[in-house]
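So this block is run03.cif, mmCIF, N, CA and C atoms:
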data_coords
#
loop_
_atom_site.label_atom_id
_atom_site.label_comp_id
_atom_site.auth_asym_id
_atom_site.auth_seq_id
_atom_site.Cartn_x
_atom_site.Cartn_y
_atom_site.Cartn_z
N MET C 1 177.17 47.22 113.84
CA MET C 1 177.00 48.05 112.67
C MET C 1 175.49 48.23 112.41
N PRO C 2 174.99 49.46 112.35
CA PRO C 2 173.55 49.68 112.13
C PRO C 2 173.16 49.31 110.70
N ARG C 3 171.97 48.84 110.60
CA ARG C 3 171.46 48.43 109.30
C ARG C 3 171.00 49.65 108.50
N ARG C 4 171.31 49.67 107.26
CA ARG C 4 170.99 50.78 106.40
C ARG C 4 169.58 50.64 105.84
N ASN C 5 168.89 51.75 105.71
CA ASN C 5 167.55 51.73 105.14
C ASN C 5 167.68 51.57 103.63
N THR C 6 167.38 50.39 103.12
CA THR C 6 167.60 50.11 101.70
C THR C 6 166.47 50.62 100.82
N ARG C 7 165.28 50.77 101.36
CA ARG C 7 164.16 51.20 100.53
C ARG C 7 164.36 52.60 99.99
N SER C 8 164.72 53.54 100.84
CA SER C 8 164.91 54.90 100.36
C SER C 8 166.15 55.00 99.49
N HIS C 9 167.13 54.13 99.76
CA HIS C 9 168.34 54.13 98.95
C HIS C 9 168.04 53.65 97.53
N ASN C 10 167.24 52.60 97.40
CA ASN C 10 166.90 52.08 96.07
C ASN C 10 166.01 53.06 95.32
N ARG C 11 165.18 53.77 96.04
CA ARG C 11 164.27 54.70 95.41
C ARG C 11 165.01 55.84 94.71
N SER C 12 166.11 56.26 95.28
CA SER C 12 166.84 57.38 94.71
C SER C 12 167.59 56.99 93.45
N LYS C 13 167.85 55.70 93.23
CA LYS C 13 168.58 55.26 92.05
C LYS C 13 167.71 55.32 90.79
N THR C 14 166.43 55.03 90.94
CA THR C 14 165.56 55.04 89.77
C THR C 14 165.01 56.44 89.55
N LYS C 15 164.69 56.73 88.31
CA LYS C 15 164.12 58.04 87.99
C LYS C 15 162.76 58.21 88.62
N ASN C 16 161.90 57.23 88.41
CA ASN C 16 160.56 57.28 88.94
C ASN C 16 160.33 55.99 89.73
N PHE C 17 160.21 56.09 91.04
CA PHE C 17 160.12 54.88 91.85
C PHE C 17 158.82 54.14 91.62
N ARG C 18 157.81 54.77 91.02
CA ARG C 18 156.56 54.07 90.71
C ARG C 18 156.78 53.02 89.62
N ASP C 19 157.76 53.26 88.74
CA ASP C 19 158.05 52.29 87.70
C ASP C 19 158.69 51.04 88.28
N ALA C 20 159.43 51.19 89.36
CA ALA C 20 160.15 50.07 89.95
C ALA C 20 159.25 49.20 90.82
N LEU C 21 158.16 49.74 91.34
CA LEU C 21 157.29 49.00 92.23
C LEU C 21 156.13 48.39 91.46
N PRO C 22 155.87 47.10 91.65
CA PRO C 22 154.84 46.43 90.84
C PRO C 22 153.41 46.69 91.28
N PHE C 23 153.18 47.21 92.49
CA PHE C 23 151.82 47.30 92.99
C PHE C 23 151.12 48.60 92.63
N PHE C 24 151.77 49.51 91.92
CA PHE C 24 151.10 50.71 91.45
C PHE C 24 150.39 50.39 90.15
N ALA C 25 149.12 50.72 90.08
CA ALA C 25 148.34 50.45 88.89
C ALA C 25 148.63 51.50 87.82
N GLU C 26 148.32 51.15 86.59
CA GLU C 26 148.49 52.11 85.52
C GLU C 26 147.49 53.24 85.69
N GLU C 27 147.81 54.37 85.12
CA GLU C 27 146.94 55.53 85.22
C GLU C 27 145.67 55.29 84.42
N LYS C 28 144.53 55.52 85.06
CA LYS C 28 143.26 55.31 84.38
C LYS C 28 142.95 56.50 83.49
N ARG C 29 142.40 56.21 82.36
CA ARG C 29 141.99 57.26 81.44
C ARG C 29 140.54 57.02 81.05
N SER C 30 139.85 58.11 80.84
CA SER C 30 138.44 57.99 80.48
C SER C 30 138.32 57.61 79.01
N ARG C 31 137.63 56.53 78.74
CA ARG C 31 137.47 56.09 77.35
C ARG C 31 136.42 56.93 76.63
N PHE C 32 135.59 57.65 77.37
CA PHE C 32 134.54 58.45 76.76
C PHE C 32 135.00 59.86 76.41
N LEU C 33 136.00 60.37 77.10
CA LEU C 33 136.39 61.77 76.94
C LEU C 33 137.67 61.95 76.12
N GLU C 34 138.07 60.97 75.32
CA GLU C 34 139.27 61.13 74.52
C GLU C 34 139.03 62.17 73.44
N GLY C 35 139.87 63.18 73.43
CA GLY C 35 139.77 64.23 72.42
C GLY C 35 138.82 65.35 72.77
N ILE C 36 138.14 65.27 73.90
CA ILE C 36 137.19 66.31 74.30
C ILE C 36 137.84 67.16 75.40
N VAL C 37 137.93 68.45 75.16
CA VAL C 37 138.56 69.35 76.13
C VAL C 37 137.54 69.80 77.16
N ASN C 38 136.42 70.31 76.72
CA ASN C 38 135.37 70.78 77.62
C ASN C 38 134.10 69.98 77.39
N VAL C 39 133.43 69.65 78.49
CA VAL C 39 132.17 68.91 78.42
C VAL C 39 131.04 69.92 78.26
N ASP C 40 130.19 69.71 77.26
CA ASP C 40 129.10 70.64 76.99
C ASP C 40 127.78 70.04 77.47
N TYR C 41 126.95 70.84 78.09
CA TYR C 41 125.69 70.34 78.63
C TYR C 41 124.70 69.99 77.53
N LYS C 42 124.91 70.51 76.32
CA LYS C 42 123.99 70.22 75.21
C LYS C 42 124.23 68.86 74.58
N ASP C 43 125.37 68.26 74.87
CA ASP C 43 125.70 66.93 74.33
C ASP C 43 125.14 65.86 75.28
N SER C 44 123.86 65.59 75.15
CA SER C 44 123.21 64.68 76.10
C SER C 44 123.63 63.23 75.89
N GLU C 45 124.01 62.86 74.68
CA GLU C 45 124.44 61.48 74.42
C GLU C 45 125.74 61.17 75.18
N LEU C 46 126.64 62.14 75.22
CA LEU C 46 127.88 61.95 75.97
C LEU C 46 127.60 61.89 77.47
N LEU C 47 126.71 62.74 77.94
CA LEU C 47 126.41 62.78 79.37
C LEU C 47 125.70 61.51 79.85
N LYS C 48 124.95 60.87 78.97
CA LYS C 48 124.27 59.63 79.36
C LYS C 48 125.26 58.51 79.66
N LYS C 49 126.47 58.59 79.08
CA LYS C 49 127.49 57.57 79.34
C LYS C 49 128.02 57.67 80.77
N PHE C 50 127.86 58.82 81.39
CA PHE C 50 128.37 59.04 82.74
C PHE C 50 127.29 59.01 83.80
N THR C 51 126.09 58.60 83.43
CA THR C 51 125.00 58.52 84.39
C THR C 51 124.43 57.11 84.42
N THR C 52 123.79 56.76 85.54
CA THR C 52 123.14 55.46 85.66
C THR C 52 121.74 55.55 85.06
N GLU C 53 121.01 54.44 85.12
CA GLU C 53 119.64 54.43 84.61
C GLU C 53 118.73 55.33 85.44
N GLN C 54 119.05 55.47 86.73
CA GLN C 54 118.25 56.34 87.59
C GLN C 54 118.60 57.81 87.41
N GLY C 55 119.68 58.11 86.70
CA GLY C 55 120.07 59.49 86.47
C GLY C 55 121.18 59.98 87.38
N LYS C 56 121.73 59.09 88.20
CA LYS C 56 122.82 59.49 89.09
C LYS C 56 124.13 59.54 88.32
N VAL C 57 125.01 60.45 88.71
CA VAL C 57 126.31 60.59 88.05
C VAL C 57 127.24 59.51 88.59
N LEU C 58 127.90 58.78 87.67
CA LEU C 58 128.84 57.75 88.08
C LEU C 58 130.08 58.37 88.70
N PRO C 59 130.66 57.73 89.71
CA PRO C 59 131.87 58.27 90.32
C PRO C 59 133.06 58.16 89.38
N GLY C 60 134.04 59.00 89.61
CA GLY C 60 135.22 59.04 88.75
C GLY C 60 136.05 57.79 88.82
N ARG C 61 136.03 57.07 89.92
CA ARG C 61 136.83 55.85 90.02
C ARG C 61 136.28 54.74 89.16
N ILE C 62 135.00 54.81 88.80
CA ILE C 62 134.39 53.79 87.96
C ILE C 62 134.56 54.13 86.48
N CYS C 63 134.28 55.38 86.12
CA CYS C 63 134.36 55.74 84.70
C CYS C 63 135.74 56.23 84.30
N GLY C 64 136.66 56.40 85.26
CA GLY C 64 138.05 56.70 84.93
C GLY C 64 138.34 58.16 84.61
N THR C 65 137.53 59.05 85.09
CA THR C 65 137.76 60.47 84.82
C THR C 65 138.59 61.10 85.93
N SER C 66 139.28 62.17 85.59
CA SER C 66 140.04 62.90 86.60
C SER C 66 139.06 63.76 87.40
N SER C 67 139.56 64.37 88.45
CA SER C 67 138.68 65.18 89.29
C SER C 67 138.19 66.42 88.54
N LYS C 68 139.05 66.99 87.70
CA LYS C 68 138.65 68.16 86.91
C LYS C 68 137.56 67.78 85.91
N GLN C 69 137.73 66.64 85.23
CA GLN C 69 136.72 66.19 84.29
C GLN C 69 135.43 65.83 85.01
N GLN C 70 135.55 65.26 86.20
CA GLN C 70 134.36 64.87 86.96
C GLN C 70 133.55 66.10 87.36
N ARG C 71 134.23 67.19 87.73
CA ARG C 71 133.52 68.43 88.05
C ARG C 71 132.82 68.99 86.83
N GLN C 72 133.46 68.92 85.65
CA GLN C 72 132.82 69.40 84.42
C GLN C 72 131.59 68.57 84.09
N ILE C 73 131.69 67.26 84.27
CA ILE C 73 130.55 66.38 83.99
C ILE C 73 129.41 66.67 84.95
N LYS C 74 129.73 66.85 86.23
CA LYS C 74 128.70 67.13 87.23
C LYS C 74 127.95 68.42 86.90
N LYS C 75 128.70 69.45 86.53
CA LYS C 75 128.09 70.74 86.21
C LYS C 75 127.24 70.63 84.95
N ALA C 76 127.75 69.89 83.95
CA ALA C 76 127.01 69.75 82.69
C ALA C 76 125.73 68.95 82.88
N VAL C 77 125.77 67.90 83.71
CA VAL C 77 124.57 67.09 83.96
C VAL C 77 123.52 67.92 84.68
N ARG C 78 123.94 68.72 85.65
CA ARG C 78 122.99 69.56 86.37
C ARG C 78 122.35 70.59 85.44
N ARG C 79 123.13 71.20 84.57
CA ARG C 79 122.58 72.17 83.62
C ARG C 79 121.62 71.51 82.64
N ALA C 80 121.98 70.30 82.17
CA ALA C 80 121.11 69.59 81.24
C ALA C 80 119.79 69.21 81.90
N ARG C 81 119.82 68.90 83.17
CA ARG C 81 118.58 68.58 83.89
C ARG C 81 117.69 69.80 84.02
N VAL C 82 118.29 70.96 84.30
CA VAL C 82 117.51 72.18 84.45
C VAL C 82 116.85 72.59 83.14
N VAL C 83 117.61 72.46 82.06
CA VAL C 83 117.10 72.84 80.74
C VAL C 83 116.07 71.82 80.25
N GLY C 84 116.18 70.58 80.72
CA GLY C 84 115.21 69.56 80.33
C GLY C 84 115.74 68.61 79.30
N LEU C 85 117.06 68.57 79.10
CA LEU C 85 117.63 67.65 78.13
C LEU C 85 117.85 66.25 78.71
N MET C 86 117.92 66.18 80.05
CA MET C 86 118.12 64.89 80.73
C MET C 86 117.16 64.78 81.89
N ARG C 87 116.99 63.56 82.36
CA ARG C 87 116.20 63.33 83.57
C ARG C 87 117.09 63.00 84.70
#
Take the structure in the file and give it back as structure tokens.
Amino acid sequence: MPRRNTRSHNRSKTKNFRDALPFFAEEKRSRFLEGIVNVDYKDSELLKKFTTEQGKVLPGRICGTSSKQQRQIKKAVRRARVVGLMR
């Protein structure tokens, strides 16, 4: 008698198989961008939270931003540098 694949069978019973597996981490959320829809280049205090002391932009995996938010931050930091609001 062939052995049945139990992993895919168990996965179909649960609504979301990520809930059943313990090794999936919780979804990261940015603690700095709560309530902010669009990142503005004129808000230099907010942008400083996403940059290092040397002025480099922190990666999204460290600050917990999504890829869309990370692109907005990158664009805003570059604009702020051109205008002279940041170094």
Self-check item: Between atom CA of C:Thr65 and atom N of C:Arg78, distance in Å (one decimal)
Solution: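 According to the coordinates, atom CA of C:Thr65 and atom N of C:Arg78 are separated by 16.1 Å.
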Quiz prompt | Which residue of C:Glu45, C:Gly84, C:Glu34, C:Phe50 approaches C:Gln72 most closely, using only C-alpha atoms | solution =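 Nearest candidate to C:Gln72 out of C:Glu45, C:Gly84, C:Glu34, C:Phe50: C:Phe50.
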Quiz item: So how many Å separate atom CA of C:Cys63 and atom N of C:Ser30, to one decimal?
Solution: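 Distance between the two atoms: 7.1 Å.
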Exercise. For each of C:Val57, C:Lys48, C:Leu85, C:Ile36, take the minimum atom-to-atom distance to C:Gln70, counting only C-alpha atoms, then give the residue where this is smallest.
Key: C:Val57
Exercise. Take the PyMOL selection byres (((chain C and resi 81 and name CA) around 12) and name CA), apply it to the structure above, and return the hits as a ChimeraX atom specification.
Key: /C:41-42,44,47-48,51,55-57,74-80,82-87
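Atom CA of C:Val39 to atom CA of C:Ile62 spans 18.0 Å [interatomic distance, one decimal].
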